[in-house]
Amino acid sequence: MPTSDSVPVTANQQTEKTTPVIRTAAEIRKDFPILARQVHGKPLVYLDSTSSSQKPYAVIEAMSTYYEMYHANVHRGVYEISEEATARMEKARVKVARFINARRSKQVIFTRNTTESINLVAYSWGNTNITAGDLIVLTEMEHHSNLVPWQLLAQRTGARLEFVPVTGEGLLNLDVYEQLLQQQPKLVAFTHMSNVLGTINPARCSTKRSPSACRCAGP
Ligand SMILES: Cc1ncc(COP(=O)(O)O)c(C=O)c1O
């Protein structure tokens with residue numbers, strides 16, 4: 001039975017490029033059967049994707065095939081369809097690792113949603129590594145799912161929370177962010193794109209320790 005920690009994603013796989021196919025929005029809409037229906041007499045436009053993403057045919061078909069053909073306990077059964085289900089799950093983990101540029105598939109942990117994922121990090125890594133007086137930096141544009149787990153962690157441990165303010169233009173105040181980074185925070189957690197403002201934060205630069213790196217352009 002394959003195990004999740006046995007699959008390194010090679011440098012080649014990480015950088016594997018396919019020729020992009022340019023498709024129009026109308027063509028992409030056709031992949032999503034729900035977008036063919038009308039609501040209040042108008043074609044459906046759905047913007048609540050972070051909460052519940054609509055599914056394209058490829059996903060719906062893969063889920064149906066799984067339930068029709070392979071549904072079984074993974075990593076526990078010693079019978080044919082359980083081993084098939086395990087192999088398919090691990091194949092998906094490798095694909096996701098490749099997609100997010102992870103070095104090994106075991107670095108990919110499937111959870112049910114964002115809130116569960118962040119709570120998992122807060123209770124596992126956070127409980128072990130955050131202690132009284134440590135600084136945790138968030139931003140004022142975070143959704144509850146990236147706020148409450150850190151507030152609770154701060155309550156449990158005595159850590160200090162600071163927030164990067166949002167400017168009048170709806171951008172992160174990078175001057176304050178740089179000052180907070182100079183205080184050597186133990187953890188920085190920020191959204192890549194705000195669901196309220198539509199702001200796309202410079203994620204690549206914001207992960208750098210050097211404050212001046214935050215001045216780069218683009219996401
Ligand atoms: C913008 C945004 N982020 C995060 C979440 C958290 O979603 P979940 O924990 O259900 O994945 C939601 C849920 O509504 C959301 O709207």
# chains A, B, ... in the order shown; residues from 1 in each chain; ligands from 1

call {"tool": "residues_near_ligand", "arguments": {"ligand": "ligand 1", "cutoff": "6 Å", "atoms": "only C-alpha atoms and all ligand atoms", "output": "number ranges by chain"}}
result
A: 50-51, 113-115, 143, 145, 195

call {"tool": "residues_around", "arguments": {"residues": "Asn173 in chain A", "least_positions_apart": "5", "cutoff": "10 Å", "atoms": "only C-alpha atoms", "output": "list in words"}}
result
Thr139, Glu140, Val164, Pro165, Val166, Thr167, Gly168 and Glu178 of chain A

call {"tool": "residues_around", "arguments": {"residues": "Ile130 in chain A", "least_positions_apart": "3", "cutoff": "7 Å", "atoms": "only C-alpha atoms", "output": "NGL selection string"}}
result
:A and (126-127 or 134 or 157 or 159)

call {"tool": "write_last_selection", "arguments": {"atoms": "N, CA and C atoms", "output": "short mmCIF file (atom, residue, chain, number, x, y, z; two decimals), in the first residue's frame"}}
result
data_model
loop_
_atom_site.label_atom_id
_atom_site.label_comp_id
_atom_site.auth_asym_id
_atom_site.auth_seq_id
_atom_site.Cartn_x
_atom_site.Cartn_y
_atom_site.Cartn_z
N GLY A 126 1.15 25.83 16.94
CA GLY A 126 1.00 26.98 17.83
C GLY A 126 1.19 26.61 19.29
N ASN A 127 0.49 25.57 19.74
CA ASN A 127 0.59 25.18 21.16
C ASN A 127 2.01 24.80 21.54
N ASP A 134 5.32 36.19 22.95
CA ASP A 134 5.61 36.09 21.51
C ASP A 134 4.65 36.99 20.73
N THR A 157 -1.84 31.13 25.45
CA THR A 157 -0.39 31.16 25.68
C THR A 157 0.13 32.47 26.26
N ALA A 159 0.45 35.10 24.27
CA ALA A 159 1.12 35.78 23.14
C ALA A 159 0.42 37.11 22.86
#

call {"tool": "residues_around", "arguments": {"residues": "Arg156 in chain A", "least_positions_apart": "2", "cutoff": "12 Å", "atoms": "only C-alpha atoms", "output": "compact mmCIF listing (two decimals) with N, CA and C atoms, in the first residue's frame"}}
result
# COMPACT_ATOMS: atom_id res chain seq x y z
N ALA A 122 -2.87 26.08 14.54
CA ALA A 122 -2.84 26.82 15.81
C ALA A 122 -2.71 25.88 17.00
N TYR A 123 -3.42 24.75 16.94
CA TYR A 123 -3.37 23.83 18.09
C TYR A 123 -2.13 22.93 18.08
N GLY A 126 1.15 25.83 16.94
CA GLY A 126 1.00 26.98 17.83
C GLY A 126 1.19 26.61 19.29
N ASN A 127 0.49 25.57 19.74
CA ASN A 127 0.59 25.18 21.16
C ASN A 127 2.01 24.80 21.54
N THR A 128 2.75 24.26 20.57
CA THR A 128 4.11 23.80 20.86
C THR A 128 5.13 24.94 20.80
N ILE A 130 4.46 28.60 20.39
CA ILE A 130 4.16 29.98 20.82
C ILE A 130 4.13 30.03 22.34
N THR A 131 4.85 30.99 22.90
CA THR A 131 4.85 31.13 24.36
C THR A 131 4.54 32.57 24.74
N ALA A 132 4.38 32.80 26.03
CA ALA A 132 3.99 34.13 26.54
C ALA A 132 4.94 35.20 26.01
N GLY A 133 4.35 36.31 25.54
CA GLY A 133 5.16 37.44 25.07
C GLY A 133 5.50 37.36 23.59
N PRO A 149 -8.79 31.62 15.48
CA PRO A 149 -7.82 30.63 15.98
C PRO A 149 -6.60 31.27 16.63
N TRP A 150 -6.17 32.43 16.11
CA TRP A 150 -4.98 33.10 16.67
C TRP A 150 -5.34 33.85 17.94
N GLN A 151 -6.57 34.40 17.99
CA GLN A 151 -7.01 35.05 19.24
C GLN A 151 -7.05 34.01 20.36
N LEU A 152 -7.58 32.83 20.05
CA LEU A 152 -7.66 31.78 21.07
C LEU A 152 -6.27 31.30 21.48
N LEU A 153 -5.36 31.21 20.48
CA LEU A 153 -3.99 30.78 20.79
C LEU A 153 -3.32 31.82 21.71
N ALA A 154 -3.55 33.11 21.41
CA ALA A 154 -2.97 34.17 22.24
C ALA A 154 -3.53 34.08 23.66
N GLY A 158 -0.69 33.53 26.17
CA GLY A 158 -0.18 34.84 26.62
C GLY A 158 0.61 35.54 25.52
N ALA A 159 0.45 35.10 24.27
CA ALA A 159 1.12 35.78 23.14
C ALA A 159 0.42 37.11 22.86
N ARG A 160 1.12 37.98 22.11
CA ARG A 160 0.60 39.32 21.79
C ARG A 160 0.17 39.36 20.33

call {"tool": "residues_around", "arguments": {"residues": "Glu61 in chain A", "least_positions_apart": "6", "cutoff": "12 Å", "atoms": "only C-alpha atoms", "output": "PDB file with N, CA and C atoms, in the first residue's frame"}}
result
ATOM      1  N   ASP A  31     -18.208  24.664 -18.130  1.00  0.00           N
ATOM      2  CA  ASP A  31     -17.689  23.546 -17.320  1.00  0.00           C
ATOM      3  C   ASP A  31     -18.511  23.343 -16.051  1.00  0.00           C
ATOM      4  N   PHE A  32     -19.264  24.377 -15.650  1.00  0.00           N
ATOM      5  CA  PHE A  32     -19.988  24.337 -14.373  1.00  0.00           C
ATOM      6  C   PHE A  32     -21.480  24.192 -14.637  1.00  0.00           C
ATOM      7  N   PRO A  33     -22.040  22.970 -14.468  1.00  0.00           N
ATOM      8  CA  PRO A  33     -23.447  22.779 -14.818  1.00  0.00           C
ATOM      9  C   PRO A  33     -24.388  23.715 -14.085  1.00  0.00           C
ATOM     10  N   LYS A  55     -18.843  23.272  -8.453  1.00  0.00           N
ATOM     11  CA  LYS A  55     -17.987  22.215  -8.991  1.00  0.00           C
ATOM     12  C   LYS A  55     -18.136  22.094 -10.513  1.00  0.00           C
ATOM     13  N   TYR A  67     -17.515   7.300  -5.729  1.00  0.00           N
ATOM     14  CA  TYR A  67     -18.599   6.664  -4.950  1.00  0.00           C
ATOM     15  C   TYR A  67     -19.136   5.409  -5.646  1.00  0.00           C
ATOM     16  N   GLU A  68     -19.102   5.427  -6.986  1.00  0.00           N
ATOM     17  CA  GLU A  68     -19.627   4.252  -7.708  1.00  0.00           C
ATOM     18  C   GLU A  68     -18.642   3.084  -7.692  1.00  0.00           C
ATOM     19  N   MET A  69     -17.331   3.387  -7.639  1.00  0.00           N
ATOM     20  CA  MET A  69     -16.330   2.339  -7.876  1.00  0.00           C
ATOM     21  C   MET A  69     -15.358   2.052  -6.730  1.00  0.00           C
TER      22      MET A  69
END

call {"tool": "select_by_dssp", "arguments": {"residues": "chain A", "states": "strand (DSSP E)", "output": "PyMOL selection string"}}
result
chain A and resi 38-39+42-43+135-139+160-164+187-188

call {"tool": "write_last_selection", "arguments": {"atoms": "C-alpha atoms", "output": "compact mmCIF listing (two decimals), in the first residue's frame"}}
result
# COMPACT_ATOMS: atom_id res chain seq x y z
CA GLN A 38 -31.43 30.71 -13.95
CA VAL A 39 -32.13 32.49 -10.66
CA LYS A 42 -31.30 35.66 -14.85
CA PRO A 43 -28.23 33.46 -15.49
CA LEU A 135 4.29 38.35 18.76
CA ILE A 136 1.68 37.14 16.26
CA VAL A 137 1.02 39.52 13.34
CA LEU A 138 -2.31 39.49 11.45
CA THR A 139 -3.91 42.10 9.23
CA ARG A 160 0.60 39.32 21.79
CA LEU A 161 -1.50 40.02 18.67
CA GLU A 162 -0.79 43.00 16.41
CA PHE A 163 -2.65 43.96 13.24
CA VAL A 164 -1.34 45.52 10.02
CA LEU A 187 4.02 34.04 13.24
CA VAL A 188 2.59 36.21 10.45

call {"tool": "decode", "arguments": {"residues": "range 1-126 of chain A", "atoms": "C-alpha atoms", "output": "mmCIF file, in the first residue's frame"}}
result
data_model
loop_
_atom_site.group_PDB
_atom_site.id
_atom_site.type_symbol
_atom_site.label_atom_id
_atom_site.label_comp_id
_atom_site.auth_asym_id
_atom_site.auth_seq_id
_atom_site.Cartn_x
_atom_site.Cartn_y
_atom_site.Cartn_z
ATOM 1 C CA MET A 1 0.000 0.000 0.000
ATOM 2 C CA PRO A 2 1.555 3.401 -0.894
ATOM 3 C CA THR A 3 2.209 5.737 2.009
ATOM 4 C CA SER A 4 1.925 9.484 1.786
ATOM 5 C CA ASP A 5 5.466 10.135 3.010
ATOM 6 C CA SER A 6 7.034 7.961 0.340
ATOM 7 C CA VAL A 7 6.523 10.252 -2.614
ATOM 8 C CA PRO A 8 9.061 13.029 -3.198
ATOM 9 C CA VAL A 9 8.039 15.541 -5.844
ATOM 10 C CA THR A 10 11.100 15.952 -8.033
ATOM 11 C CA ALA A 11 12.425 19.324 -9.195
ATOM 12 C CA ASN A 12 11.267 18.432 -12.702
ATOM 13 C CA GLN A 13 7.767 17.697 -11.548
ATOM 14 C CA GLN A 14 7.668 20.888 -9.484
ATOM 15 C CA THR A 15 8.514 23.073 -12.454
ATOM 16 C CA GLU A 16 6.653 20.996 -15.049
ATOM 17 C CA LYS A 17 4.952 23.432 -17.405
ATOM 18 C CA THR A 18 2.107 22.746 -19.783
ATOM 19 C CA THR A 19 1.161 25.081 -22.629
ATOM 20 C CA PRO A 20 -1.632 27.302 -21.307
ATOM 21 C CA VAL A 21 -4.920 27.060 -23.157
ATOM 22 C CA ILE A 22 -6.655 30.422 -23.303
ATOM 23 C CA ARG A 23 -10.397 30.016 -22.770
ATOM 24 C CA THR A 24 -13.067 32.686 -22.621
ATOM 25 C CA ALA A 25 -15.218 33.203 -19.522
ATOM 26 C CA ALA A 26 -18.219 31.899 -21.502
ATOM 27 C CA GLU A 27 -16.342 28.686 -22.308
ATOM 28 C CA ILE A 28 -15.236 28.226 -18.701
ATOM 29 C CA ARG A 29 -18.820 28.797 -17.452
ATOM 30 C CA LYS A 30 -19.886 25.783 -19.543
ATOM 31 C CA ASP A 31 -17.689 23.546 -17.320
ATOM 32 C CA PHE A 32 -19.988 24.337 -14.373
ATOM 33 C CA PRO A 33 -23.447 22.779 -14.818
ATOM 34 C CA ILE A 34 -24.991 24.916 -12.056
ATOM 35 C CA LEU A 35 -24.194 28.070 -14.029
ATOM 36 C CA ALA A 36 -26.610 26.932 -16.731
ATOM 37 C CA ARG A 37 -29.557 27.457 -14.389
ATOM 38 C CA GLN A 38 -31.427 30.708 -13.953
ATOM 39 C CA VAL A 39 -32.130 32.488 -10.664
ATOM 40 C CA HIS A 40 -34.814 35.226 -10.571
ATOM 41 C CA GLY A 41 -35.011 34.878 -14.352
ATOM 42 C CA LYS A 42 -31.304 35.661 -14.851
ATOM 43 C CA PRO A 43 -28.235 33.461 -15.492
ATOM 44 C CA LEU A 44 -26.673 32.518 -12.166
ATOM 45 C CA VAL A 45 -23.661 34.560 -11.047
ATOM 46 C CA TYR A 46 -22.119 33.028 -7.919
ATOM 47 C CA LEU A 47 -19.649 34.997 -5.792
ATOM 48 C CA ASP A 48 -19.600 33.045 -2.497
ATOM 49 C CA SER A 49 -16.842 30.722 -3.718
ATOM 50 C CA THR A 50 -14.611 30.886 -0.642
ATOM 51 C CA SER A 51 -17.456 29.495 1.421
ATOM 52 C CA SER A 52 -18.790 26.896 -1.036
ATOM 53 C CA SER A 53 -17.106 26.526 -4.395
ATOM 54 C CA GLN A 54 -19.234 25.361 -7.309
ATOM 55 C CA LYS A 55 -17.987 22.215 -8.991
ATOM 56 C CA PRO A 56 -17.073 21.736 -12.680
ATOM 57 C CA TYR A 57 -18.052 18.535 -14.530
ATOM 58 C CA ALA A 58 -14.521 17.096 -14.059
ATOM 59 C CA VAL A 59 -14.899 17.223 -10.268
ATOM 60 C CA ILE A 60 -18.503 16.013 -10.237
ATOM 61 C CA GLU A 61 -17.570 13.069 -12.466
ATOM 62 C CA ALA A 62 -14.490 12.187 -10.382
ATOM 63 C CA MET A 63 -16.609 12.237 -7.203
ATOM 64 C CA SER A 64 -19.331 10.086 -8.801
ATOM 65 C CA THR A 65 -16.746 7.600 -10.069
ATOM 66 C CA TYR A 66 -15.245 7.385 -6.603
ATOM 67 C CA TYR A 67 -18.599 6.664 -4.950
ATOM 68 C CA GLU A 68 -19.627 4.252 -7.708
ATOM 69 C CA MET A 69 -16.330 2.339 -7.876
ATOM 70 C CA TYR A 70 -13.841 2.876 -5.042
ATOM 71 C CA HIS A 71 -15.516 4.133 -1.870
ATOM 72 C CA ALA A 72 -13.828 2.397 1.100
ATOM 73 C CA ASN A 73 -11.634 3.049 4.138
ATOM 74 C CA VAL A 74 -8.252 4.420 3.123
ATOM 75 C CA HIS A 75 -4.978 3.342 4.785
ATOM 76 C CA ARG A 76 -6.795 0.755 6.889
ATOM 77 C CA GLY A 77 -8.378 -1.910 4.709
ATOM 78 C CA VAL A 78 -6.567 -4.950 3.333
ATOM 79 C CA TYR A 79 -9.000 -5.567 0.512
ATOM 80 C CA GLU A 80 -9.052 -4.577 -3.161
ATOM 81 C CA ILE A 81 -11.216 -1.457 -3.234
ATOM 82 C CA SER A 82 -9.690 -0.071 -0.036
ATOM 83 C CA GLU A 83 -6.255 -0.330 -1.624
ATOM 84 C CA GLU A 84 -7.581 1.280 -4.813
ATOM 85 C CA ALA A 85 -9.121 4.133 -2.809
ATOM 86 C CA THR A 86 -5.834 4.624 -0.933
ATOM 87 C CA ALA A 87 -3.810 4.674 -4.155
ATOM 88 C CA ARG A 88 -6.164 7.239 -5.707
ATOM 89 C CA MET A 89 -6.074 9.458 -2.648
ATOM 90 C CA GLU A 90 -2.275 9.396 -2.582
ATOM 91 C CA LYS A 91 -2.168 10.158 -6.314
ATOM 92 C CA ALA A 92 -4.319 13.222 -5.636
ATOM 93 C CA ARG A 93 -1.934 14.239 -2.831
ATOM 94 C CA VAL A 94 1.029 14.100 -5.241
ATOM 95 C CA LYS A 95 -0.887 16.181 -7.802
ATOM 96 C CA VAL A 96 -1.694 18.812 -5.169
ATOM 97 C CA ALA A 97 1.944 18.820 -3.984
ATOM 98 C CA ARG A 98 3.045 19.475 -7.558
ATOM 99 C CA PHE A 99 0.464 22.226 -7.940
ATOM 100 C CA ILE A 100 1.556 24.098 -4.801
ATOM 101 C CA ASN A 101 5.272 23.348 -5.353
ATOM 102 C CA ALA A 102 5.654 21.235 -2.195
ATOM 103 C CA ARG A 103 8.803 19.099 -1.989
ATOM 104 C CA ARG A 104 7.079 15.954 -0.731
ATOM 105 C CA SER A 105 3.518 14.764 -0.903
ATOM 106 C CA LYS A 106 3.475 14.203 2.856
ATOM 107 C CA GLN A 107 3.541 17.980 3.247
ATOM 108 C CA VAL A 108 -0.027 18.036 1.909
ATOM 109 C CA ILE A 109 -2.655 17.424 4.590
ATOM 110 C CA PHE A 110 -6.265 17.255 3.480
ATOM 111 C CA THR A 111 -8.761 18.951 5.790
ATOM 112 C CA ARG A 112 -12.429 19.835 5.408
ATOM 113 C CA ASN A 113 -12.042 23.594 5.209
ATOM 114 C CA THR A 114 -9.992 26.695 5.953
ATOM 115 C CA THR A 115 -11.170 27.012 9.548
ATOM 116 C CA GLU A 116 -10.188 23.434 10.336
ATOM 117 C CA SER A 117 -6.807 23.869 8.612
ATOM 118 C CA ILE A 118 -5.900 27.003 10.529
ATOM 119 C CA ASN A 119 -7.131 25.553 13.825
ATOM 120 C CA LEU A 120 -4.990 22.494 13.157
ATOM 121 C CA VAL A 121 -1.884 24.690 12.792
ATOM 122 C CA ALA A 122 -2.843 26.821 15.808
ATOM 123 C CA TYR A 123 -3.375 23.827 18.095
ATOM 124 C CA SER A 124 -0.452 21.702 16.866
ATOM 125 C CA TRP A 125 2.387 24.037 15.819
ATOM 126 C CA GLY A 126 1.004 26.980 17.833
#
